[in-house]
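**Student:** What follows is the file protein39.txt, containing compact mmCIF, C-alpha atoms:
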# COMPACT_ATOMS: atom_id res chain seq x y z
CA MET A 1 -59.87 -20.62 -34.25
CA ARG A 2 -62.02 -18.14 -32.31
CA ILE A 3 -59.15 -16.89 -30.12
CA GLY A 4 -57.38 -15.52 -33.19
CA GLU A 5 -60.29 -13.13 -33.80
CA GLY A 6 -59.12 -9.89 -32.18
CA SER A 7 -56.68 -9.19 -29.39
CA ILE A 8 -56.40 -11.21 -26.20
CA LEU A 9 -55.94 -9.69 -22.75
CA VAL A 10 -54.16 -11.87 -20.19
CA THR A 11 -54.05 -10.56 -16.63
CA GLY A 12 -51.50 -12.09 -14.29
CA GLY A 13 -49.49 -12.72 -17.44
CA ALA A 14 -46.15 -13.15 -15.68
CA GLY A 15 -47.44 -15.75 -13.22
CA LEU A 16 -47.30 -19.51 -13.52
CA ILE A 17 -50.54 -20.08 -15.43
CA GLY A 18 -50.58 -16.69 -17.16
CA SER A 19 -47.11 -17.00 -18.68
CA ALA A 20 -47.74 -20.65 -19.59
CA LEU A 21 -50.95 -19.56 -21.32
CA ILE A 22 -49.10 -16.97 -23.40
CA TRP A 23 -46.44 -19.58 -24.24
CA ALA A 24 -49.16 -21.98 -25.40
CA LEU A 25 -50.86 -19.24 -27.44
CA ASN A 26 -47.53 -18.34 -29.05
CA ASN A 27 -47.12 -22.02 -30.01
CA LEU A 28 -50.48 -21.72 -31.80
CA GLY A 29 -49.21 -18.68 -33.70
CA VAL A 30 -51.08 -16.14 -31.57
CA GLU A 31 -49.10 -13.04 -30.58
CA ASP A 32 -51.78 -10.30 -30.59
CA ILE A 33 -51.77 -10.30 -26.81
CA VAL A 34 -51.98 -7.55 -24.18
CA LEU A 35 -50.20 -8.68 -21.03
CA CYS A 36 -51.34 -7.16 -17.74
CA GLU A 37 -49.27 -7.62 -14.59
CA ARG A 38 -48.04 -5.92 -11.44
CA LEU A 39 -44.33 -6.61 -11.61
CA SER A 40 -42.44 -6.07 -8.38
CA THR A 41 -39.07 -7.12 -6.93
CA ASP A 42 -39.35 -10.85 -7.65
CA ASP A 43 -38.18 -12.70 -10.77
CA ARG A 44 -41.50 -12.99 -12.59
CA TYR A 45 -40.15 -10.82 -15.39
CA LYS A 46 -37.90 -13.73 -16.39
CA ASN A 47 -41.01 -15.70 -17.38
CA LEU A 48 -41.76 -13.00 -19.96
CA ILE A 49 -38.42 -12.88 -21.75
CA PRO A 50 -39.10 -15.81 -24.17
CA LEU A 51 -42.73 -14.77 -24.81
CA HIS A 52 -44.29 -12.75 -27.64
CA PHE A 53 -47.00 -10.15 -26.93
CA HIS A 54 -47.71 -6.75 -28.42
CA ASP A 55 -48.41 -4.62 -25.34
CA TYR A 56 -47.90 -4.50 -21.58
CA VAL A 57 -50.04 -2.66 -19.02
CA ASP A 58 -49.65 -2.41 -15.26
CA GLY A 59 -52.54 -3.81 -13.25
CA ASP A 60 -53.19 -0.48 -11.56
CA ASP A 61 -53.64 1.15 -14.99
CA LEU A 62 -55.77 -1.54 -16.62
CA MET A 63 -59.21 0.03 -16.35
CA ALA A 64 -57.88 3.30 -17.78
CA TYR A 65 -56.21 1.35 -20.58
CA LEU A 66 -59.47 -0.40 -21.39
CA GLY A 67 -61.08 3.00 -21.86
CA SER A 68 -58.55 3.95 -24.54
CA ASP A 69 -58.42 3.25 -28.27
CA SER A 70 -55.61 0.74 -27.63
CA ALA A 71 -58.16 -1.73 -26.22
CA ARG A 72 -60.84 -1.50 -28.88
CA ASN A 73 -59.87 -4.79 -30.58
CA ILE A 74 -59.86 -6.99 -27.45
CA ARG A 75 -62.24 -9.93 -27.94
CA THR A 76 -61.12 -12.35 -25.23
CA ILE A 77 -60.04 -11.76 -21.62
CA PHE A 78 -58.25 -14.41 -19.59
CA HIS A 79 -58.35 -12.98 -16.09
CA LEU A 80 -55.72 -14.90 -14.12
CA GLY A 81 -54.35 -12.04 -12.02
CA ALA A 82 -55.04 -12.22 -8.29
CA CYS A 83 -53.47 -12.54 -4.90
CA ALA A 84 -53.20 -16.34 -4.77
CA ASP A 85 -51.56 -16.62 -1.35
CA THR A 86 -53.67 -18.98 0.74
CA MET A 87 -51.85 -17.69 3.85
CA GLU A 88 -52.82 -14.04 3.25
CA THR A 89 -55.07 -12.79 6.06
CA ASP A 90 -55.65 -9.18 4.98
CA GLY A 91 -59.31 -9.42 4.03
CA ARG A 92 -59.53 -5.88 2.66
CA PHE A 93 -56.55 -6.46 0.37
CA LEU A 94 -57.95 -9.76 -0.90
CA MET A 95 -61.41 -8.36 -1.53
CA LYS A 96 -60.04 -5.42 -3.52
CA ASN A 97 -57.71 -7.60 -5.61
CA ASN A 98 -59.71 -10.79 -6.02
CA PHE A 99 -63.32 -9.66 -5.83
CA GLU A 100 -63.72 -5.99 -6.72
CA PHE A 101 -61.13 -5.95 -9.50
CA THR A 102 -62.62 -9.09 -11.05
CA LYS A 103 -66.12 -7.67 -10.77
CA ASN A 104 -65.17 -4.44 -12.56
CA LEU A 105 -63.34 -6.31 -15.31
CA ALA A 106 -66.23 -8.75 -15.79
CA HIS A 107 -68.74 -5.93 -16.17
CA TYR A 108 -66.47 -4.29 -18.75
CA ALA A 109 -66.32 -7.56 -20.69
CA GLU A 110 -70.08 -8.01 -20.53
CA GLN A 111 -70.69 -4.44 -21.71
CA HIS A 112 -68.35 -4.89 -24.70
CA LYS A 113 -69.42 -8.47 -25.55
CA ILE A 114 -65.97 -9.90 -24.77
CA ARG A 115 -65.44 -13.57 -23.84
CA PHE A 116 -64.44 -13.53 -20.15
CA VAL A 117 -62.56 -16.55 -18.78
CA TYR A 118 -61.47 -16.15 -15.16
CA ALA A 119 -59.58 -18.06 -12.50
CA SER A 120 -61.51 -19.27 -9.52
CA SER A 121 -59.91 -21.93 -7.30
CA ALA A 122 -60.40 -25.37 -5.78
CA ALA A 123 -59.82 -23.56 -2.47
CA THR A 124 -63.48 -22.51 -2.72
CA TYR A 125 -64.44 -26.13 -1.93
CA GLY A 126 -63.00 -25.97 1.57
CA ASP A 127 -62.47 -29.36 3.20
CA GLY A 128 -64.46 -31.08 0.45
CA SER A 129 -67.22 -32.25 2.78
CA GLN A 130 -69.79 -30.62 0.47
CA GLY A 131 -68.24 -32.29 -2.55
CA MET A 132 -66.16 -30.82 -5.36
CA GLU A 133 -68.72 -30.66 -8.12
CA ASP A 134 -68.62 -27.72 -10.54
CA ASN A 135 -72.34 -27.22 -10.16
CA GLU A 136 -73.47 -23.61 -9.88
CA ALA A 137 -76.58 -24.67 -7.95
CA LEU A 138 -74.38 -25.91 -5.09
CA LEU A 139 -72.27 -22.75 -4.67
CA TYR A 140 -74.02 -21.64 -1.48
CA THR A 141 -73.21 -24.94 0.23
CA LEU A 142 -69.43 -24.43 -0.05
CA ARG A 143 -67.36 -23.37 2.95
CA PRO A 144 -63.84 -22.11 2.05
CA LEU A 145 -61.19 -22.62 4.72
CA ASN A 146 -59.26 -19.39 4.17
CA MET A 147 -59.79 -15.79 3.14
CA TYR A 148 -58.23 -16.35 -0.27
CA GLY A 149 -60.73 -19.11 -1.02
CA TYR A 150 -63.59 -16.94 0.20
CA SER A 151 -62.59 -13.99 -2.02
CA LYS A 152 -62.72 -16.30 -5.04
CA HIS A 153 -65.93 -17.96 -3.89
CA LEU A 154 -67.69 -14.63 -3.46
CA PHE A 155 -67.12 -13.66 -7.07
CA ASP A 156 -68.37 -17.06 -8.27
CA ILE A 157 -71.61 -16.36 -6.39
CA TYR A 158 -71.80 -12.76 -7.60
CA ALA A 159 -71.44 -13.76 -11.25
CA GLN A 160 -74.15 -16.40 -10.97
CA THR A 161 -76.49 -14.10 -9.04
CA LYS A 162 -76.15 -11.45 -11.74
CA GLY A 163 -76.70 -13.99 -14.51
CA MET A 164 -73.35 -13.18 -16.11
CA LYS A 165 -72.31 -15.45 -18.98
CA LEU A 166 -68.73 -16.07 -17.88
CA TYR A 167 -66.35 -19.04 -17.83
CA GLY A 168 -64.98 -19.67 -14.34
CA MET A 169 -62.12 -22.10 -13.78
CA LYS A 170 -61.64 -23.84 -10.44
CA TYR A 171 -57.97 -24.68 -10.76
CA PHE A 172 -56.75 -27.55 -8.60
CA ASN A 173 -53.06 -28.10 -7.70
CA VAL A 174 -51.31 -26.72 -10.76
CA PHE A 175 -47.53 -27.17 -10.96
CA GLY A 176 -44.88 -26.71 -13.59
CA PRO A 177 -42.28 -24.42 -15.17
CA ASN A 178 -42.48 -20.66 -14.47
CA GLU A 179 -43.52 -21.01 -10.82
CA TYR A 180 -40.05 -20.24 -9.47
CA HIS A 181 -41.08 -16.82 -8.13
CA LYS A 182 -43.83 -18.14 -5.86
CA ALA A 183 -41.79 -18.34 -2.62
CA HIS A 184 -43.76 -20.27 0.04
CA MET A 185 -46.55 -20.98 -2.48
CA ILE A 186 -44.23 -22.93 -4.77
CA SER A 187 -45.26 -26.50 -5.62
CA MET A 188 -44.05 -29.55 -3.73
CA VAL A 189 -42.24 -30.67 -6.89
CA VAL A 190 -39.82 -27.76 -6.63
CA ARG A 191 -39.52 -28.05 -2.84
CA ALA A 192 -38.80 -31.76 -3.08
CA TYR A 193 -36.32 -31.32 -5.93
CA GLU A 194 -34.37 -28.73 -3.94
CA GLN A 195 -34.48 -30.78 -0.72
CA ILE A 196 -33.32 -33.96 -2.45
CA GLN A 197 -30.47 -32.11 -4.15
CA SER A 198 -29.29 -30.55 -0.89
CA THR A 199 -30.08 -33.20 1.76
CA GLY A 200 -31.06 -36.41 -0.07
CA GLN A 201 -34.48 -36.46 1.59
CA VAL A 202 -37.90 -34.76 1.54
CA LYS A 203 -39.85 -33.41 4.50
CA LEU A 204 -43.62 -33.95 4.53
CA PHE A 205 -46.23 -32.95 7.09
CA LYS A 206 -47.60 -35.73 9.26
CA SER A 207 -51.26 -36.63 8.95
CA TYR A 208 -53.58 -35.70 11.82
CA ARG A 209 -56.54 -37.71 10.59
CA PRO A 210 -56.58 -41.48 11.17
CA GLU A 211 -58.07 -42.27 7.75
CA TYR A 212 -54.95 -40.85 6.06
CA ALA A 213 -51.54 -42.37 6.76
CA ASP A 214 -48.53 -40.06 6.61
CA GLY A 215 -47.80 -39.21 2.99
CA TYR A 216 -51.15 -40.54 1.80
CA GLN A 217 -53.02 -37.25 1.89
CA LYS A 218 -54.36 -36.79 -1.65
CA ARG A 219 -54.42 -33.95 -4.15
CA ASP A 220 -55.59 -33.43 -7.69
CA PHE A 221 -52.24 -32.47 -9.23
CA LEU A 222 -52.38 -30.92 -12.70
CA TYR A 223 -49.43 -30.09 -14.95
CA VAL A 224 -49.52 -26.48 -16.12
CA LYS A 225 -49.35 -27.57 -19.77
CA ASP A 226 -52.69 -29.36 -19.34
CA ALA A 227 -54.11 -26.46 -17.32
CA VAL A 228 -53.49 -23.99 -20.14
CA ASP A 229 -54.87 -26.37 -22.76
CA MET A 230 -58.12 -26.46 -20.80
CA THR A 231 -58.03 -22.69 -20.36
CA ILE A 232 -57.62 -22.08 -24.10
CA PHE A 233 -60.44 -24.52 -24.78
CA LEU A 234 -62.81 -22.40 -22.68
CA GLY A 235 -61.69 -19.33 -24.58
CA ASN A 236 -62.63 -21.07 -27.84
CA VAL A 237 -65.69 -23.17 -27.03
CA THR A 238 -68.94 -22.27 -28.77
CA GLU A 239 -71.36 -20.21 -26.67
CA SER A 240 -74.07 -22.87 -26.78
CA ILE A 241 -74.44 -26.57 -27.48
CA ASP A 242 -77.87 -27.98 -28.35
CA GLY A 243 -79.39 -24.69 -27.29
CA ARG A 244 -77.76 -24.69 -23.85
CA SER A 245 -75.20 -22.08 -22.84
CA THR A 246 -71.68 -23.35 -22.21
CA ALA A 247 -70.94 -20.49 -19.79
CA GLY A 248 -70.47 -21.47 -16.16
CA ILE A 249 -67.95 -22.79 -13.67
CA TYR A 250 -65.60 -25.65 -14.58
CA ASN A 251 -63.19 -27.77 -12.59
CA ILE A 252 -59.70 -27.57 -14.07
CA GLY A 253 -57.95 -30.66 -12.75
CA SER A 254 -56.72 -34.09 -13.70
CA GLY A 255 -59.84 -35.83 -12.41
CA GLU A 256 -57.63 -38.05 -10.23
CA ALA A 257 -56.45 -37.85 -6.63
CA ASN A 258 -52.82 -38.83 -6.07
CA THR A 259 -50.85 -39.06 -2.84
CA TRP A 260 -47.82 -36.99 -1.95
CA LEU A 261 -45.82 -40.22 -2.29
CA ASP A 262 -47.08 -40.60 -5.88
CA LEU A 263 -45.85 -37.08 -6.59
CA LEU A 264 -42.41 -37.62 -5.04
CA ALA A 265 -41.51 -41.02 -6.52
CA PRO A 266 -40.69 -39.79 -10.06
CA ILE A 267 -38.51 -36.98 -8.65
CA PHE A 268 -36.32 -39.47 -6.80
CA GLU A 269 -36.30 -41.61 -9.95
CA VAL A 270 -35.13 -38.83 -12.29
CA LEU A 271 -32.45 -37.78 -9.80
CA GLN A 272 -31.44 -41.43 -9.34
CA LYS A 273 -31.71 -41.17 -5.56
CA PRO A 274 -33.19 -43.64 -3.05
CA GLN A 275 -36.52 -42.54 -1.58
CA HIS A 276 -36.05 -41.00 1.86
CA ILE A 277 -38.91 -39.09 3.50
CA GLN A 278 -39.02 -37.47 6.92
CA TYR A 279 -42.44 -36.69 8.41
CA ILE A 280 -42.60 -33.49 10.44
CA GLU A 281 -45.20 -31.78 12.62
CA MET A 282 -47.63 -29.44 10.88
CA PRO A 283 -47.82 -25.92 12.37
CA GLU A 284 -50.85 -25.49 14.62
CA ASN A 285 -52.22 -22.60 12.57
CA LEU A 286 -52.43 -24.81 9.45
CA ARG A 287 -54.13 -27.87 10.87
CA ALA A 288 -57.70 -26.56 10.77
CA ARG A 289 -57.26 -25.26 7.20
CA TYR A 290 -55.43 -28.22 5.67
CA GLN A 291 -57.10 -30.05 2.78
CA TYR A 292 -56.57 -33.81 3.06
CA TYR A 293 -58.30 -34.67 -0.20
CA THR A 294 -58.98 -32.79 -3.42
CA CYS A 295 -60.20 -34.22 -6.69
CA GLY A 296 -61.89 -32.31 -9.47
CA ASN A 297 -64.65 -34.09 -11.34
CA ILE A 298 -64.08 -32.88 -14.92
CA ARG A 299 -67.06 -34.58 -16.60
CA LYS A 300 -68.64 -31.16 -17.18
CA LEU A 301 -65.61 -30.00 -19.18
CA HIS A 302 -65.68 -33.22 -21.20
CA ALA A 303 -69.40 -32.75 -21.84
CA ILE A 304 -68.79 -29.54 -23.79
CA GLY A 305 -66.12 -31.14 -25.95
CA TYR A 306 -62.76 -31.21 -24.19
CA LYS A 307 -61.22 -34.51 -25.27
CA LYS A 308 -57.45 -34.12 -25.01
CA PRO A 309 -55.82 -36.79 -22.79
CA ILE A 310 -54.25 -35.45 -19.59
CA MET A 311 -50.58 -36.20 -19.05
CA PRO A 312 -50.18 -38.87 -16.34
CA LEU A 313 -48.72 -37.50 -13.11
CA GLN A 314 -45.51 -39.52 -13.26
CA GLU A 315 -44.84 -38.42 -16.85
CA ALA A 316 -45.62 -34.78 -16.04
CA VAL A 317 -43.30 -34.68 -13.03
CA LYS A 318 -40.49 -36.30 -15.00
CA ASP A 319 -40.92 -33.76 -17.81
CA TYR A 320 -40.81 -30.89 -15.32
CA VAL A 321 -37.75 -32.13 -13.44
CA ALA A 322 -35.71 -33.36 -16.41
CA ASN A 323 -36.49 -30.61 -18.92
CA TYR A 324 -36.95 -27.54 -16.73
CA LEU A 325 -35.69 -27.88 -13.16
CA ILE A 326 -32.38 -29.63 -13.84
CA PRO A 327 -31.37 -27.31 -16.72
CA SER A 328 -32.99 -24.32 -14.93
CA LYS A 329 -35.21 -23.37 -17.88
CA ARG A 330 -38.49 -21.58 -18.35
CA LEU A 331 -41.19 -22.21 -20.91
CA GLY A 332 -40.03 -21.06 -24.32
CA GLU A 333 -36.32 -21.15 -23.54
Would you encode the structure as structure tokens?
**Tutor:**
Amino acid sequence: MRIGEGSILVTGGAGLIGSALIWALNNLGVEDIVLCERLSTDDRYKNLIPLHFHDYVDGDDLMAYLGSDSARNIRTIFHLGACADTMETDGRFLMKNNFEFTKNLAHYAEQHKIRFVYASSAATYGDGSQGMEDNEALLYTLRPLNMYGYSKHLFDIYAQTKGMKLYGMKYFNVFGPNEYHKAHMISMVVRAYEQIQSTGQVKLFKSYRPEYADGYQKRDFLYVKDAVDMTIFLGNVTESIDGRSTAGIYNIGSGEANTWLDLLAPIFEVLQKPQHIQYIEMPENLRARYQYYTCGNIRKLHAIGYKKPIMPLQEAVKDYVANYLIPSKRLGE
């Protein structure tokens, strides 16, 4: 297993995908991990309690840490740390955190011949009118709908322009245990679970496009356990297949588009409640930026050898609700 060769650096290690990645690595017997995070006043630290890693470094101190002897054995970097708030409008803040920090870390990895696997986002695809193909040649055609998406998109372009051999991951709608700290960015599974428990119903935004009935807007929902399996695969995959480099940008999704109603049905089922949905007006400031359809074509990931079946949405939601939300557990507990 390539990932076991040397230490692994995981940035954003207390977040949803970062902590799930460390949990999955621990399950593979890997504990030689440096966890980088900017812990604050939220409960992300609780995601770390069941995990095993050998060092912790604050995000503001990372570049200095990488210049020390402590970092000399790092062979793989999973860069998942970022401001992932799609509602954030401070462009300077986003560019420093999501573009400049990533750029500096990527150049460090390239200089030291370290495998660099980083989180991009499906938000880079915008409204999807230019397609959602993980094709580097089409990057300049994409039009992100928010500043967060643009900050991620700009690094994708930068890396390709510089000819950097990196592994970028365009995560779609990832949900699952360890997202409890995400406030307004929390998944609809958690929102719906809490609403059903307290009121017996779920509130969904109305549709403002005639081709989508209320509740039939579609998303590529991906369980975090599948997301980290794909992430680890890109950390392990051989650098070339049949003489062609495997580096590039990859969609990390289920490859299917499901409706909000598809997502909600198994929650009502696990809670043994009748389905009751109330459709509400969408705030004006969201309507122009709302994605009505996302679906990640994952043929490119399959083409370099990823073969593991993806957990069906209904099964994934039931696992999340029954084994984590109801007992109030995190991964590894």
**Student:** When you count only C-alpha atoms, which of these residues is closest to Phe155 of chain A: A:Ala123, A:Ala106, A:Ala183, A:Val237?
**Tutor:** A:Ala106
**Student:** Any chance you could tabulate, as a Markdown table, the residues of segment 78-131 of chain A at most 10 Å from segment 36-56 of chain A with each one's nearest atom pair and distance in Å to one decimal, using all atoms listed in the file, in chain and rising number order?
**Tutor:**
| residue | atom | partner | partner_atom | distance |
| --- | --- | --- | --- | --- |
| A:His79 | CA | A:Cys36 | CA | 9.3 |
| A:Leu80 | CA | A:Cys36 | CA | 9.6 |
| A:Gly81 | CA | A:Glu37 | CA | 7.2 |
| A:Ala82 | CA | A:Glu37 | CA | 9.7 |
**Student:** Determine the nearest neighbour of Glu194 of chain A from the options A:Glu31, A:Leu325, A:Ala64, A:Asp220, counting all atoms listed in the file.
**Tutor:** A:Leu325
**Student:** Using only C-alpha atoms, pick whichever of A:Ile326, A:Tyr306, A:Met164, A:Thr294 has the shortest atom-to-atom distance to Gly131 of chain A.
**Tutor:**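 Using only C-alpha atoms, the shortest distance to Gly131 of chain A belongs to A:Thr294.
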**Student:** Using only C-alpha atoms, which residue out of A:Met230, A:Leu263, A:Ile277, A:Val321 lies closest to Lys307 of chain A?
**Tutor:**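 The answer is A:Met230, which sits nearest to Lys307 of chain A.
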**Student:** To one decimal place, how far is atom CA of Ile304 of chain A from atom CA of Glu136 of chain A in Å?
**Tutor:**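 Value for the atom CA of Ile304 of chain A-atom CA of Glu136 of chain A distance: 15.8 Å.
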**Student:** Given all atoms listed in the file as the basis, pick out the residue of A:Ser207, A:Asn97, A:Asn297, A:Asn135 nearest to Ile280 of chain A.
**Tutor:** A:Ser207
**Student:** Could you pull the residues within 9 Å of segment 171-177 of chain A, counting all atoms listed in the file, minus those fewer than 2 positions along the same chain, as a PyMOL selection string?
**Tutor:** chain A and resi 16-17+20+119-123+169+179-180+186-190+219-225+227+250-254+294-296+316-317+320-321+324-325+329-331
**Student:** For C-alpha atoms, I'd like the residues from the last selection saved as a CSV table (one decimal), in the coordinates of the input.
**Tutor:**
chain,number,residue,atom,x,y,z
A,16,LEU,CA,-47.3,-19.5,-13.5
A,17,ILE,CA,-50.5,-20.1,-15.4
A,20,ALA,CA,-47.7,-20.6,-19.6
A,119,ALA,CA,-59.6,-18.1,-12.5
A,120,SER,CA,-61.5,-19.3,-9.5
A,121,SER,CA,-59.9,-21.9,-7.3
A,122,ALA,CA,-60.4,-25.4,-5.8
A,123,ALA,CA,-59.8,-23.6,-2.5
A,169,MET,CA,-62.1,-22.1,-13.8
A,179,GLU,CA,-43.5,-21.0,-10.8
A,180,TYR,CA,-40.0,-20.2,-9.5
A,186,ILE,CA,-44.2,-22.9,-4.8
A,187,SER,CA,-45.3,-26.5,-5.6
A,188,MET,CA,-44.0,-29.6,-3.7
A,189,VAL,CA,-42.2,-30.7,-6.9
A,190,VAL,CA,-39.8,-27.8,-6.6
A,219,ARG,CA,-54.4,-34.0,-4.2
A,220,ASP,CA,-55.6,-33.4,-7.7
A,221,PHE,CA,-52.2,-32.5,-9.2
A,222,LEU,CA,-52.4,-30.9,-12.7
A,223,TYR,CA,-49.4,-30.1,-15.0
A,224,VAL,CA,-49.5,-26.5,-16.1
A,225,LYS,CA,-49.4,-27.6,-19.8
A,227,ALA,CA,-54.1,-26.5,-17.3
A,250,TYR,CA,-65.6,-25.6,-14.6
A,251,ASN,CA,-63.2,-27.8,-12.6
A,252,ILE,CA,-59.7,-27.6,-14.1
A,253,GLY,CA,-58.0,-30.7,-12.8
A,254,SER,CA,-56.7,-34.1,-13.7
A,294,THR,CA,-59.0,-32.8,-3.4
A,295,CYS,CA,-60.2,-34.2,-6.7
A,296,GLY,CA,-61.9,-32.3,-9.5
A,316,ALA,CA,-45.6,-34.8,-16.0
A,317,VAL,CA,-43.3,-34.7,-13.0
A,320,TYR,CA,-40.8,-30.9,-15.3
A,321,VAL,CA,-37.8,-32.1,-13.4
A,324,TYR,CA,-37.0,-27.5,-16.7
A,325,LEU,CA,-35.7,-27.9,-13.2
A,329,LYS,CA,-35.2,-23.4,-17.9
A,330,ARG,CA,-38.5,-21.6,-18.4
A,331,LEU,CA,-41.2,-22.2,-20.9
**Student:** Between A:Arg244, A:Lys113, A:Thr141, A:Thr11, which has the minimum distance to Asp60 of chain A (counting all atoms listed in the file)?
**Tutor:**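 For Asp60 of chain A, the nearest of the candidates is A:Thr11.
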**Student:** Which residues, written as number ranges by chain, have at least one atom at most 9 Å from segment 86-96 of chain A, with all atoms listed in the file counted and residues fewer than 6 positions away on the same chain left out?
**Tutor:** A: 102, 123, 146-149, 151-152, 185
**Student:** Okay, now the selection with C-alpha atoms, as a CSV table (one decimal), in the coordinates of the input?
**Tutor:**
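So the final result, stored in result23.csv, reads:
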chain,number,residue,atom,x,y,z
A,102,THR,CA,-62.6,-9.1,-11.0
A,123,ALA,CA,-59.8,-23.6,-2.5
A,146,ASN,CA,-59.3,-19.4,4.2
A,147,MET,CA,-59.8,-15.8,3.1
A,148,TYR,CA,-58.2,-16.4,-0.3
A,149,GLY,CA,-60.7,-19.1,-1.0
A,151,SER,CA,-62.6,-14.0,-2.0
A,152,LYS,CA,-62.7,-16.3,-5.0
A,185,MET,CA,-46.6,-21.0,-2.5
**Student:** In Å to one decimal, how far is atom CA of Leu271 of chain A from atom CA of Ser198 of chain A?
**Tutor:**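 Interatomic distance here is 11.9 Å.
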**Student:** Identify, on the basis of all atoms listed in the file, every residue whose closest approach to Ile196 of chain A does not exceed 9 Å; exclude the query and any residue fewer than 5 positions from it along the same chain; express the result as a list in words.
**Tutor:**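 Listed by chain and then number, they are Arg191, Gln201, Val202, Ile267, Phe268, Leu271, Lys273 and His276 of chain A.
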**Student:** Just the residues within 12 Å of Phe233 of chain A, please, counting all atoms listed in the file, with nothing from its chain fewer than 4 positions along; format it as a list in words.
**Tutor:**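 Answer for this query is Met1, Arg2, Ile3, Leu21, Ala24, Leu25, Phe78, Val117, Tyr167, Met169, Asp226, Ala227, Val228, Asp229, Val237, Thr238, Glu239, Thr246, Tyr250, Ile252, Leu301, His302, Ile304, Gly305, Tyr306, Lys307 and Lys308 of chain A.
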**Student:** Report, in Å to a single decimal, how far apart atom CA of Ile298 of chain A and atom CA of Ala257 of chain A are.
**Tutor:**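 So the two atoms, atom CA of Ala257 of chain A and atom CA of Ile298 of chain A, lie 12.3 Å apart.
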**Student:** Do a neighbour search on Arg75 of chain A at 12 Å with all atoms listed in the file, toss out local chain neighbours closer than 6 positions, and write the hits as JSON, numbers by chain.
**Tutor:** {"A": [2, 3, 4, 5, 6, 7, 8, 9, 10, 32, 33, 34, 66, 108, 109, 110, 111, 112, 113, 114, 115, 116, 117, 235, 236]}
**Student:** Please work out which residues fall within 10 Å of (-64.5, -23.2, 6.7), coordinates as given in the file, with only C-alpha atoms counting, and return them as a list in words.
**Tutor:**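 Result, sorted by chain then residue number: Thr124, Tyr125, Gly126, Asp127, Leu142, Arg143, Pro144, Leu145, Asn146, Met147, Gly149, Tyr150, Ala288 and Arg289 of chain A.
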